[in-house]
$ cat run.csv   # CSV, C-alpha atoms
chain,number,residue,atom,x,y,z
A,793,MET,CA,51.3,125.9,82.9
A,794,LYS,CA,47.7,124.9,83.8
A,795,TYR,CA,46.8,121.5,84.9
A,796,GLU,CA,44.9,120.7,81.6
A,797,GLU,CA,47.9,121.8,79.5
A,798,ILE,CA,50.3,119.7,81.6
A,799,MET,CA,48.1,116.6,81.4
A,800,SER,CA,47.7,117.1,77.6
A,801,LYS,CA,51.5,117.4,77.3
A,802,LEU,CA,52.1,114.3,79.4
A,803,SER,CA,49.6,112.4,77.3
A,804,GLU,CA,51.4,113.5,74.1
A,805,MET,CA,54.7,112.4,75.7
A,806,ARG,CA,53.3,108.8,76.1
A,807,SER,CA,54.3,108.0,72.5
A,808,ARG,CA,58.0,108.7,73.3
A,809,TYR,CA,57.9,106.6,76.5
A,810,ASN,CA,59.7,103.6,74.9
A,811,ALA,CA,61.7,105.5,72.3
A,812,GLY,CA,63.1,108.0,74.7
A,813,PHE,CA,62.1,111.4,75.9
A,814,SER,CA,63.4,114.6,74.2
A,815,PRO,CA,65.4,117.2,76.1
A,816,GLU,CA,62.3,119.4,76.3
A,817,ASP,CA,60.3,116.4,77.7
A,818,ARG,CA,63.0,115.9,80.4
A,819,LYS,CA,63.0,119.5,81.4
A,820,LEU,CA,59.2,119.4,81.9
A,821,LEU,CA,59.5,116.2,83.9
A,822,GLU,CA,62.3,117.8,86.1
A,823,MET,CA,60.1,120.9,86.7
A,824,LEU,CA,57.0,118.8,87.6
A,825,HIS,CA,59.0,116.5,89.8
A,826,GLU,CA,60.4,119.4,91.8
A,827,LYS,CA,56.9,121.0,92.1
A,828,LEU,CA,55.2,117.8,93.2
A,829,PHE,CA,57.8,116.1,95.3
A,830,ASN,CA,60.0,119.0,96.3
A,831,LYS,CA,63.2,117.4,95.0
A,832,ARG,CA,65.1,116.7,91.8
A,833,ILE,CA,64.8,113.5,89.8
A,834,THR,CA,67.5,111.2,91.0
A,835,ILE,CA,69.4,110.0,87.9
A,836,THR,CA,71.1,107.0,89.5
A,837,GLY,CA,69.9,103.7,90.6
A,838,CYS,CA,67.3,103.1,87.9
A,839,ALA,CA,67.3,101.8,84.4
A,840,ASP,CA,65.6,104.9,83.0
A,841,CYS,CA,64.9,107.4,85.8
A,842,TYR,CA,63.0,109.7,83.5
A,843,ARG,CA,60.5,107.0,82.6
A,844,ASP,CA,60.1,106.2,86.3
A,845,ALA,CA,59.6,109.9,87.0
A,846,TYR,CA,57.0,110.1,84.2
A,847,ILE,CA,54.9,107.3,85.8
A,848,ILE,CA,55.0,108.8,89.3
A,849,ILE,CA,54.3,112.3,88.1
A,850,THR,CA,51.4,111.2,85.9
A,851,ASN,CA,49.9,109.1,88.7
A,852,LYS,CA,50.3,111.9,91.2
A,853,LEU,CA,48.6,114.5,89.0
A,854,LYS,CA,45.7,112.1,88.2
A,855,LYS,CA,45.2,111.6,91.9
A,856,LEU,CA,45.4,115.3,92.8
A,857,GLY,CA,43.1,116.3,89.9
A,858,SER,CA,44.8,119.7,89.9
A,859,MET,CA,48.1,121.4,90.3
A,860,PRO,CA,49.1,121.6,94.0
A,861,THR,CA,48.4,125.1,95.5
A,862,PRO,CA,51.6,126.7,96.5
A,863,SER,CA,51.9,127.7,100.1
A,864,ALA,CA,51.7,131.4,101.1
A,865,TYR,CA,55.0,130.8,103.0
A,866,VAL,CA,58.1,129.6,101.1
A,867,LEU,CA,61.5,129.3,102.6
A,868,LYS,CA,64.6,130.4,100.7
A,869,ARG,CA,66.8,127.7,99.2
A,870,GLY,CA,69.4,126.7,101.9
A,871,ALA,CA,67.0,127.5,104.7
A,872,MET,CA,65.3,125.0,106.9
A,873,LEU,CA,62.9,125.2,109.9
A,874,TYR,CA,62.3,122.5,112.4
A,875,ASP,CA,58.8,122.0,113.9
A,876,ALA,CA,59.3,120.3,117.3
A,877,ASP,CA,55.5,119.8,117.7
A,878,ASN,CA,55.4,117.5,114.7
A,879,ASN,CA,59.1,116.5,114.6
A,880,ASN,CA,59.3,117.7,110.9
A,881,HIS,CA,62.0,119.6,109.0
A,882,TYR,CA,60.7,121.9,106.4
A,883,VAL,CA,62.4,123.3,103.3
A,884,SER,CA,60.8,125.3,100.5
A,885,ASP,CA,56.9,125.2,100.9
A,886,ILE,CA,55.8,125.2,104.5
A,887,PRO,CA,52.2,124.9,105.5
A,888,THR,CA,50.7,128.3,106.6
A,889,GLU,CA,49.7,127.0,110.0
A,890,VAL,CA,53.1,125.7,110.8
A,891,ALA,CA,54.9,128.7,109.4
A,892,GLU,CA,52.9,131.1,111.5
A,893,ARG,CA,53.3,129.1,114.6
A,894,LEU,CA,57.1,129.0,114.2
A,895,LEU,CA,57.2,132.7,113.4
A,896,LEU,CA,55.2,133.4,116.5
A,897,GLN,CA,57.9,131.7,118.5
A,898,ALA,CA,60.6,133.7,116.8
A,899,PRO,CA,59.5,136.5,114.4
A,900,GLU,CA,63.1,137.1,113.3
A,901,ARG,CA,62.8,133.8,111.3
A,902,ILE,CA,61.0,135.8,108.7
A,903,LYS,CA,64.4,136.5,107.1
A,904,LEU,CA,64.5,132.8,106.1
A,905,PHE,CA,61.4,133.2,103.9
A,906,GLN,CA,61.6,134.2,100.3
A,907,SER,CA,57.8,134.7,100.1
A,908,TYR,CA,55.2,135.3,102.7
A,909,PRO,CA,51.9,137.3,103.0
A,910,LYS,CA,52.4,141.1,103.1
A,911,ASN,CA,50.2,141.2,106.2
A,912,TRP,CA,52.1,138.4,108.0
A,913,GLU,CA,52.6,140.5,111.2
A,914,LEU,CA,48.9,141.2,111.4
A,915,ARG,CA,48.2,137.5,110.9
A,916,LEU,CA,50.7,136.7,113.7
A,917,SER,CA,49.0,139.2,116.1
A,918,GLN,CA,45.6,137.7,115.3
A,919,LEU,CA,47.0,134.2,115.8
A,920,LYS,CA,48.4,135.3,119.2
A,921,LYS,CA,45.1,136.7,120.3
A,922,LYS,CA,43.3,133.5,119.2
A,923,LEU,CA,45.8,131.3,121.1
A,924,ASN,CA,45.5,133.5,124.2
A,925,LYS,CA,41.7,133.4,124.0
A,926,LYS,CA,41.9,129.6,123.7
A,927,ALA,CA,44.1,129.4,126.7
A,928,GLU,CA,41.7,131.5,128.8
A,929,GLU,CA,38.7,129.5,127.8
A,930,ALA,CA,40.3,126.2,128.5
A,931,PRO,CA,38.8,124.5,131.6
A,932,THR,CA,41.0,124.9,134.7
A,933,GLU,CA,42.3,121.8,136.3
A,934,THR,CA,40.0,120.5,139.1
A,935,GLU,CA,41.8,120.8,142.4
A,936,ALA,CA,42.5,117.6,144.3
A,937,PRO,CA,39.8,117.1,146.9
A,938,VAL,CA,40.8,118.0,150.4
A,939,GLU,CA,40.8,115.0,152.7
A,940,THR,CA,38.3,115.6,155.5
A,941,GLU,CA,39.1,112.7,157.8
A,942,ALA,CA,42.4,112.8,159.5
A,943,THR,CA,44.3,109.5,159.4
A,944,THR,CA,44.5,108.0,162.9
A,945,GLU,CA,47.6,106.5,164.2
A,946,THR,CA,47.2,103.2,165.9
A,947,GLU,CA,48.6,103.4,169.4
A,948,ALA,CA,51.6,101.1,170.2
A,949,PRO,CA,50.4,98.4,172.5
A,950,ALA,CA,51.4,99.0,176.1
A,951,GLU,CA,54.2,96.8,177.3
A,952,ALA,CA,52.9,94.2,179.7
A,953,GLU,CA,54.2,94.8,183.2
A,954,GLU,CA,56.2,92.1,184.7
B,7,MET,CA,79.3,147.3,121.1
B,8,ASP,CA,81.7,145.8,123.6
B,9,LYS,CA,85.0,144.7,122.1
B,10,GLN,CA,86.0,141.1,122.6
B,11,LEU,CA,89.5,140.1,123.6
B,12,CYS,CA,90.4,136.8,121.8
B,13,ASP,CA,92.5,134.6,123.9
B,14,PHE,CA,93.2,131.8,121.4
B,15,LYS,CA,93.6,129.0,124.0
B,16,LEU,CA,93.2,125.3,123.5
B,17,ALA,CA,89.8,124.2,124.7
B,18,ALA,CA,89.7,120.5,123.9
B,19,ASP,CA,91.9,117.4,124.0
B,20,LEU,CA,94.0,116.6,120.9
B,21,GLY,CA,93.6,113.2,119.3
B,22,GLY,CA,91.0,111.1,117.5
B,23,SER,CA,88.1,108.8,118.3
B,24,CYS,CA,88.8,105.1,118.8
B,25,GLU,CA,85.2,104.2,118.0
B,26,SER,CA,84.9,106.5,115.0
B,27,PRO,CA,88.4,106.8,113.4
B,28,SER,CA,89.1,109.5,110.8
B,29,VAL,CA,88.8,108.5,107.1
B,30,ALA,CA,90.5,110.5,104.3
B,31,GLY,CA,88.6,111.7,101.3
B,32,LEU,CA,85.5,113.3,99.9
B,33,MET,CA,82.3,112.0,98.4
B,34,ASN,CA,81.7,112.2,94.7
B,35,ASN,CA,78.9,114.9,94.9
B,36,ALA,CA,79.5,118.5,95.8
B,37,VAL,CA,77.6,121.8,95.6
B,38,ILE,CA,78.9,125.1,94.2
B,39,LEU,CA,77.1,128.4,94.5
B,40,ASN,CA,77.8,132.0,93.6
B,41,PHE,CA,79.2,134.0,96.5
B,42,ASP,CA,76.9,137.0,95.7
B,43,ASP,CA,73.9,134.7,95.9
B,44,VAL,CA,74.3,134.1,99.6
B,45,ASP,CA,71.8,135.9,101.8
B,46,TRP,CA,74.3,137.1,104.3
B,47,ASP,CA,71.8,138.7,106.7
B,48,ALA,CA,69.9,135.5,107.0
B,49,ILE,CA,72.7,133.0,107.8
B,50,THR,CA,72.2,131.4,111.2
B,51,TRP,CA,74.9,129.9,113.3
B,52,ASP,CA,75.1,127.2,116.0
B,53,GLU,CA,75.1,128.9,119.3
B,54,SER,CA,77.5,126.4,120.8
B,55,ASN,CA,80.1,126.5,118.0
B,56,PRO,CA,80.9,129.5,115.8
B,57,ASN,CA,82.2,127.3,113.1
B,58,VAL,CA,78.9,125.5,112.5
B,59,ILE,CA,76.3,127.0,110.1
B,60,THR,CA,72.7,125.9,110.7
B,61,ASN,CA,71.1,127.8,107.8
B,62,LEU,CA,72.8,129.0,104.6
B,63,PRO,CA,69.9,130.7,102.8
B,64,LEU,CA,70.3,132.0,99.2
B,65,LYS,CA,68.7,135.2,98.0
B,66,ALA,CA,65.2,134.8,96.6
B,67,GLY,CA,65.2,133.1,93.3
B,68,LYS,CA,68.8,132.0,93.4
B,69,ARG,CA,70.0,128.4,93.4
B,70,ALA,CA,73.2,126.3,93.8
B,71,TYR,CA,74.7,123.9,91.2
B,72,ALA,CA,75.7,120.3,91.5
B,73,ALA,CA,79.2,119.1,90.9
B,74,TYR,CA,80.0,115.4,90.4
B,75,MET,CA,83.3,113.7,90.0
B,76,PRO,CA,83.5,109.9,89.5
B,77,GLY,CA,86.2,107.7,90.9
B,78,LYS,CA,87.7,106.7,94.2
B,79,THR,CA,89.5,109.9,95.0
B,80,PRO,CA,87.3,112.8,93.7
B,81,TYR,CA,88.4,116.4,94.2
B,82,THR,CA,92.1,115.3,94.7
B,83,GLY,CA,94.0,118.4,95.6
B,84,THR,CA,91.3,119.8,97.9
B,85,ASN,CA,93.1,121.0,101.0
B,86,LYS,CA,93.5,123.7,103.6
B,87,THR,CA,96.8,125.2,104.7
B,88,PHE,CA,98.0,127.6,107.3
B,89,THR,CA,99.3,131.1,106.2
B,90,GLU,CA,101.0,133.5,108.4
B,91,GLY,CA,99.4,137.0,108.7
B,92,THR,CA,100.6,140.3,110.0
B,93,TYR,CA,98.4,140.4,113.1
B,94,ARG,CA,96.4,137.2,112.8
B,95,ASN,CA,97.2,133.9,111.0
B,96,LYS,CA,94.8,132.6,108.5
B,97,PHE,CA,94.1,129.7,106.1
B,98,THR,CA,94.2,129.1,102.4
B,99,LYS,CA,91.5,126.7,101.2
B,100,THR,CA,91.6,125.0,97.9
B,101,VAL,CA,88.9,123.1,96.1
B,102,ALA,CA,90.1,121.1,93.1
B,103,MET,CA,88.0,119.3,90.6
B,104,VAL,CA,87.8,118.1,87.0
B,105,ILE,CA,84.9,118.9,84.8
B,106,LEU,CA,84.6,116.0,82.4
B,107,ASP,CA,82.8,118.0,79.8
B,108,ASN,CA,83.5,120.7,77.2
B,109,GLY,CA,81.9,122.7,74.5
B,110,PRO,CA,80.2,126.0,74.1
B,111,GLU,CA,77.7,125.5,76.9
B,112,VAL,CA,80.4,124.5,79.3
B,113,ALA,CA,82.5,127.5,78.2
B,114,ALA,CA,79.7,130.0,78.5
B,115,HIS,CA,77.9,128.8,81.6
B,116,VAL,CA,80.6,127.2,83.6
B,117,ILE,CA,84.2,128.0,82.7
B,118,ASP,CA,83.9,131.7,81.9
B,119,PRO,CA,82.0,132.4,85.1
B,120,LEU,CA,84.5,130.3,87.1
B,121,ALA,CA,87.3,132.3,85.6
B,122,ASN,CA,86.1,135.6,87.0
B,123,GLY,CA,83.5,135.1,89.7
B,124,ARG,CA,83.7,134.2,93.4
B,125,PHE,CA,82.1,131.1,94.8
B,126,VAL,CA,81.2,129.0,97.8
B,127,ALA,CA,81.5,125.2,97.7
B,128,ILE,CA,79.9,122.6,100.0
B,129,MET,CA,81.9,119.4,100.0
B,130,GLU,CA,80.9,116.2,101.7
B,131,ASN,CA,83.6,114.6,103.8
B,132,LYS,CA,83.8,110.8,103.9
B,133,TYR,CA,84.5,111.1,107.6
B,134,GLN,CA,81.3,112.4,109.3
B,135,GLY,CA,82.8,112.7,112.8
B,136,GLU,CA,81.4,111.2,115.9
B,137,ASP,CA,78.6,113.7,116.1
B,138,HIS,CA,78.2,113.8,112.2
B,139,ARG,CA,78.8,117.5,112.2
B,140,ASN,CA,81.9,117.0,110.0
B,141,THR,CA,79.8,115.8,107.1
B,142,PHE,CA,79.3,118.9,105.0
B,143,GLU,CA,82.1,121.4,104.9
B,144,VAL,CA,81.8,124.9,103.4
B,145,TYR,CA,84.7,126.5,101.5
B,146,GLY,CA,84.8,130.1,100.4
B,147,LEU,CA,82.2,131.5,102.7
B,148,GLU,CA,84.5,134.1,104.2
B,149,GLN,CA,86.5,135.4,101.3
B,150,GLY,CA,85.1,133.6,98.3
B,151,LEU,CA,86.7,130.9,96.2
B,152,SER,CA,88.4,132.3,93.0
B,153,ALA,CA,89.9,130.4,90.2
B,154,ASN,CA,93.7,130.0,90.3
B,155,GLU,CA,93.8,127.2,87.7
B,156,LEU,CA,91.6,126.4,84.7
B,157,THR,CA,93.3,124.1,82.2
B,158,ASP,CA,92.0,122.4,79.1
B,159,ASP,CA,94.7,119.9,78.0
B,160,LYS,CA,93.3,118.0,75.0
B,161,TYR,CA,95.6,115.0,75.6
B,162,SER,CA,95.4,114.9,79.4
B,163,GLU,CA,94.5,111.5,80.7
B,164,ASP,CA,93.3,113.1,83.9
B,165,THR,CA,90.7,115.3,82.3
B,166,ASP,CA,89.7,113.2,79.2
B,167,GLY,CA,89.3,116.4,77.1
B,168,GLY,CA,87.6,118.3,80.0
B,169,TRP,CA,88.8,121.0,82.3
B,170,ALA,CA,91.1,120.9,85.4
B,171,VAL,CA,89.8,123.5,87.9
B,172,SER,CA,91.2,124.8,91.1
B,173,LEU,CA,89.4,127.4,93.2
B,174,GLN,CA,91.1,129.0,96.1
B,175,GLU,CA,90.1,131.1,99.1
B,176,VAL,CA,92.9,133.0,100.7
B,177,ASN,CA,93.1,134.6,104.1
B,178,ALA,CA,90.1,132.8,105.6
B,179,PRO,CA,90.2,133.4,109.3
B,180,ARG,CA,88.6,130.1,110.3
B,181,SER,CA,90.2,126.7,109.7
B,182,GLY,CA,86.9,125.0,108.9
B,183,LEU,CA,83.2,125.9,108.5
B,184,TYR,CA,80.5,123.2,108.6
B,185,LEU,CA,76.9,123.1,107.6
B,186,PHE,CA,74.7,121.1,110.0
B,187,ALA,CA,71.0,121.4,110.6
B,188,ASP,CA,70.1,119.1,113.5
B,189,SER,CA,71.0,115.9,111.7
B,190,VAL,CA,72.8,114.6,108.6
B,191,ALA,CA,69.5,113.7,106.9
B,192,ALA,CA,68.1,117.1,107.5
B,193,THR,CA,71.3,118.8,106.3
B,194,ARG,CA,71.3,116.6,103.2
B,195,THR,CA,67.7,117.7,102.5
B,196,LEU,CA,68.7,121.3,102.9
B,197,VAL,CA,71.6,121.0,100.6
B,198,GLU,CA,69.5,119.1,98.0
B,199,ASN,CA,66.9,121.8,98.1
B,200,MET,CA,69.5,124.4,97.2
B,201,LEU,CA,69.9,122.7,93.9
B,202,LYS,CA,66.2,123.0,92.9
B,203,ALA,CA,65.7,124.8,89.6
B,204,THR,CA,62.2,125.9,90.3
B,205,THR,CA,61.0,128.0,93.2
$ encode --input "run.csv" --output "structure tokens"
Amino acid sequence: MKYEEIMSKLSEMRSRYNAGFSPEDRKLLEMLHEKLFNKRITITGCADCYRDAYIIITNKLKKLGSMPTPSAYVLKRGAMLYDADNNNHYVSDIPTEVAERLLLQAPERIKLFQSYPKNWELRLSQLKKKLNKKAEEAPTETEAPVETEATTETEAPAEAEE
Amino acid sequence: MDKQLCDFKLAADLGGSCESPSVAGLMNNAVILNFDDVDWDAITWDESNPNVITNLPLKAGKRAYAAYMPGKTPYTGTNKTFTEGTYRNKFTKTVAMVILDNGPEVAAHVIDPLANGRFVAIMENKYQGEDHRNTFEVYGLEQGLSANELTDDKYSEDTDGGWAVSLQEVNAPRSGLYLFADSVAATRTLVENMLKATT
């Protein structure tokens, strides 16, 4: 569904906010909640969880102004990747930059993805070249200056002769 | 491929933790998935323990389903027992539940498939273990869980007009398989993600 259609449907649902949403309304809210927040609506701990979901979904969509663009890399359900650089665990959508960095570390992780660009291997080799180039261009560490003056030891005072 | 010789020797002390004592029982929420929906080639295991799964991916487009049982002792009857084999001994694992629902949708989409399919269940133990790796236990991953009881007793006080279900995995080589991805929170997110209806 397009953004305009969804916003129109949500606006139409407003009239049922107090009376109660229909099963079709709830299905739409469940779908949108998963798409926007990557998790199901929790149906415990709230007086009317679908009404709460309606509010946060509507606000989120108004803020975004469009439907979120799905990532090129999507993990299979039941798969998770950990990004040590950002200390983040990813399920489902994973940002392209993160996915390609993690795949570069271990290309066999591709089996955990259910969708990815067809040219992912080419993209990885390009990323590898880019990173190698960056590493070569990075300024080398300046060496610690060599000390030119030798430290002199102070001579022990001669013992006075008796 | 080099053949391995299994020596089956004890490798740890027997006994429990004084700081984190064992607690009986299961949590109210569980997850059930179709055995054939598992992406077998993509499963990853903990390198330090062959009984710990770190990723349990499903085939593209497939999902798991939530099970919920209210009450203080949900899934009563869930157990694992030793069975003697000819060359190697194994385990029979049973997952018992009550489905507090009935009707054509339940019959078509739940009971009929349960009657004839094979399944994997992820149960949440009340006792997480000292390292929390005991939290999510997987049943049916080796041989599949198949129904050995499906009863609809209209006057049963236990099922309130619903179904008593028992799923069993026989001849499982390993006594316990656990799902753990770095932390309980991360694993919970992983399990929750398996239930998503949309891709």
$ atom_distance --input "run.csv" --atom1 "CA of Val104 (chain B)" --atom2 "CA of Ala170 (chain B)"
4.6 Å
$ interface_residues --input "run.csv" --of "chain B" --to "chain A" --cutoff "7 Å" --atoms "only C-alpha atoms" --output "list in words"
Ala48, Asn61, Leu62, Pro63, Leu64, Lys65, Ala66, Arg69, Ala192, Leu196, Val197, Asn199, Met200, Lys202 and Thr204 of chain B
$ atom_distance --input "run.csv" --atom1 "CA of Pro27 (chain B)" --atom2 "CA of Arg139 (chain B)"
14.4 Å
$ residues_near_point --input "run.csv" --point "(89.7, 132.7, 120.2)" --cutoff "12 Å" --atoms "all atoms listed in the file" --output "ChimeraX atom specification"
/B:10-17,55-57,94-95,179-180
$ write_last_selection --input "run.csv" --atoms "C-alpha atoms" --output "PDB file, keeping the file's coordinate frame"
ATOM      1  CA  GLN B  10      86.000 141.100 122.600  1.00  0.00           C
ATOM      2  CA  LEU B  11      89.500 140.100 123.600  1.00  0.00           C
ATOM      3  CA  CYS B  12      90.400 136.800 121.800  1.00  0.00           C
ATOM      4  CA  ASP B  13      92.500 134.600 123.900  1.00  0.00           C
ATOM      5  CA  PHE B  14      93.200 131.800 121.400  1.00  0.00           C
ATOM      6  CA  LYS B  15      93.600 129.000 124.000  1.00  0.00           C
ATOM      7  CA  LEU B  16      93.200 125.300 123.500  1.00  0.00           C
ATOM      8  CA  ALA B  17      89.800 124.200 124.700  1.00  0.00           C
ATOM      9  CA  ASN B  55      80.100 126.500 118.000  1.00  0.00           C
ATOM     10  CA  PRO B  56      80.900 129.500 115.800  1.00  0.00           C
ATOM     11  CA  ASN B  57      82.200 127.300 113.100  1.00  0.00           C
ATOM     12  CA  ARG B  94      96.400 137.200 112.800  1.00  0.00           C
ATOM     13  CA  ASN B  95      97.200 133.900 111.000  1.00  0.00           C
ATOM     14  CA  PRO B 179      90.200 133.400 109.300  1.00  0.00           C
ATOM     15  CA  ARG B 180      88.600 130.100 110.300  1.00  0.00           C
TER      16      ARG B 180
END
$ residues_around --input "run.csv" --residues "Lys160 (chain B)" --least-positions-apart "3" --cutoff "12 Å" --atoms "all atoms listed in the file" --output "ChimeraX atom specification"
/B:106-108,157,163-170
$ atom_distance --input "run.csv" --atom1 "CA of Phe186 (chain B)" --atom2 "CA of Glu130 (chain B)"
11.5 Å
$ residues_around --input "run.csv" --residues "region 132-136 of chain B" --least-positions-apart "4" --cutoff "6 Å" --atoms "all atoms listed in the file" --output "PDB file with C-alpha atoms, in the coordinates of the input"
ATOM      1  CA  SER B  26      84.900 106.500 115.000  1.00  0.00           C
ATOM      2  CA  SER B  28      89.100 109.500 110.800  1.00  0.00           C
ATOM      3  CA  VAL B  29      88.800 108.500 107.100  1.00  0.00           C
ATOM      4  CA  GLY B  31      88.600 111.700 101.300  1.00  0.00           C
ATOM      5  CA  LEU B  32      85.500 113.300  99.900  1.00  0.00           C
ATOM      6  CA  MET B  33      82.300 112.000  98.400  1.00  0.00           C
ATOM      7  CA  ASN B 140      81.900 117.000 110.000  1.00  0.00           C
ATOM      8  CA  THR B 141      79.800 115.800 107.100  1.00  0.00           C
TER       9      THR B 141
END
$ residues_around --input "run.csv" --residues "Ser172 (chain B)" --least-positions-apart "6" --cutoff "10 Å" --atoms "all atoms listed in the file" --output "list in words"
Tyr81, Gly83, Thr84, Thr100, Val101, Ala102, Met103, Val104, Leu120, Leu151, Ser152, Ala153, Asn154, Glu155, Leu156 and Thr157 of chain B
$ closest_residue --input "run.csv" --among "A:Asp875, A:Glu928, A:Asp844, A:Glu889" --to "Phe813 (chain A)" --atoms "all atoms listed in the file"
A:Asp844
$ closest_residue --input "run.csv" --among "A:Cys838, A:Leu895, A:Ala845, A:Thr850" --to "Ser800 (chain A)" --atoms "only C-alpha atoms"
A:Thr850
$ build_atoms --input "run.csv" --residues "region 899-913 of chain A" --atoms "N, CA, C and O atoms" --output "mmCIF file, in the coordinates of the input"
data_model
loop_
_atom_site.group_PDB
_atom_site.id
_atom_site.type_symbol
_atom_site.label_atom_id
_atom_site.label_comp_id
_atom_site.auth_asym_id
_atom_site.auth_seq_id
_atom_site.Cartn_x
_atom_site.Cartn_y
_atom_site.Cartn_z
ATOM 1 N N PRO A 899 59.840 135.706 115.595
ATOM 2 C CA PRO A 899 59.500 136.500 114.400
ATOM 3 C C PRO A 899 60.730 136.779 113.504
ATOM 4 O O PRO A 899 60.573 136.985 112.302
ATOM 5 N N GLU A 900 61.932 136.773 114.078
ATOM 6 C CA GLU A 900 63.100 137.100 113.300
ATOM 7 C C GLU A 900 63.363 135.989 112.210
ATOM 8 O O GLU A 900 64.119 136.179 111.274
ATOM 9 N N ARG A 901 62.673 134.853 112.340
ATOM 10 C CA ARG A 901 62.800 133.800 111.300
ATOM 11 C C ARG A 901 62.264 134.221 109.974
ATOM 12 O O ARG A 901 62.489 133.553 108.981
ATOM 13 N N ILE A 902 61.558 135.337 109.940
ATOM 14 C CA ILE A 902 61.000 135.800 108.700
ATOM 15 C C ILE A 902 62.086 136.011 107.623
ATOM 16 O O ILE A 902 61.850 135.876 106.420
ATOM 17 N N LYS A 903 63.298 136.267 108.066
ATOM 18 C CA LYS A 903 64.400 136.500 107.100
ATOM 19 C C LYS A 903 64.751 135.205 106.366
ATOM 20 O O LYS A 903 65.482 135.247 105.380
ATOM 21 N N LEU A 904 64.253 134.062 106.830
ATOM 22 C CA LEU A 904 64.500 132.800 106.100
ATOM 23 C C LEU A 904 63.513 132.531 105.027
ATOM 24 O O LEU A 904 63.685 131.603 104.251
ATOM 25 N N PHE A 905 62.490 133.373 104.923
ATOM 26 C CA PHE A 905 61.400 133.200 103.900
ATOM 27 C C PHE A 905 61.704 134.005 102.694
ATOM 28 O O PHE A 905 62.076 135.168 102.803
ATOM 29 N N GLN A 906 61.430 133.420 101.522
ATOM 30 C CA GLN A 906 61.600 134.200 100.300
ATOM 31 C C GLN A 906 60.197 134.742 99.870
ATOM 32 O O GLN A 906 60.133 135.708 99.131
ATOM 33 N N SER A 907 59.122 134.102 100.327
ATOM 34 C CA SER A 907 57.800 134.700 100.100
ATOM 35 C C SER A 907 56.902 134.418 101.254
ATOM 36 O O SER A 907 56.951 133.340 101.871
ATOM 37 N N TYR A 908 56.088 135.403 101.558
ATOM 38 C CA TYR A 908 55.200 135.300 102.700
ATOM 39 C C TYR A 908 54.126 136.396 102.456
ATOM 40 O O TYR A 908 54.350 137.370 101.720
ATOM 41 N N PRO A 909 52.959 136.286 103.138
ATOM 42 C CA PRO A 909 51.900 137.300 103.000
ATOM 43 C C PRO A 909 52.401 138.660 103.424
ATOM 44 O O PRO A 909 53.122 138.775 104.419
ATOM 45 N N LYS A 910 51.944 139.704 102.743
ATOM 46 C CA LYS A 910 52.400 141.100 103.100
ATOM 47 C C LYS A 910 51.919 141.401 104.541
ATOM 48 O O LYS A 910 52.584 142.144 105.258
ATOM 49 N N ASN A 911 50.760 140.838 104.901
ATOM 50 C CA ASN A 911 50.200 141.200 106.200
ATOM 51 C C ASN A 911 50.570 140.107 107.256
ATOM 52 O O ASN A 911 49.806 139.825 108.173
ATOM 53 N N TRP A 912 51.780 139.525 107.148
ATOM 54 C CA TRP A 912 52.100 138.400 108.000
ATOM 55 C C TRP A 912 52.168 138.845 109.495
ATOM 56 O O TRP A 912 51.800 138.065 110.384
ATOM 57 N N GLU A 913 52.561 140.092 109.754
ATOM 58 C CA GLU A 913 52.600 140.500 111.200
ATOM 59 C C GLU A 913 51.228 140.638 111.742
ATOM 60 O O GLU A 913 51.008 140.274 112.910
#
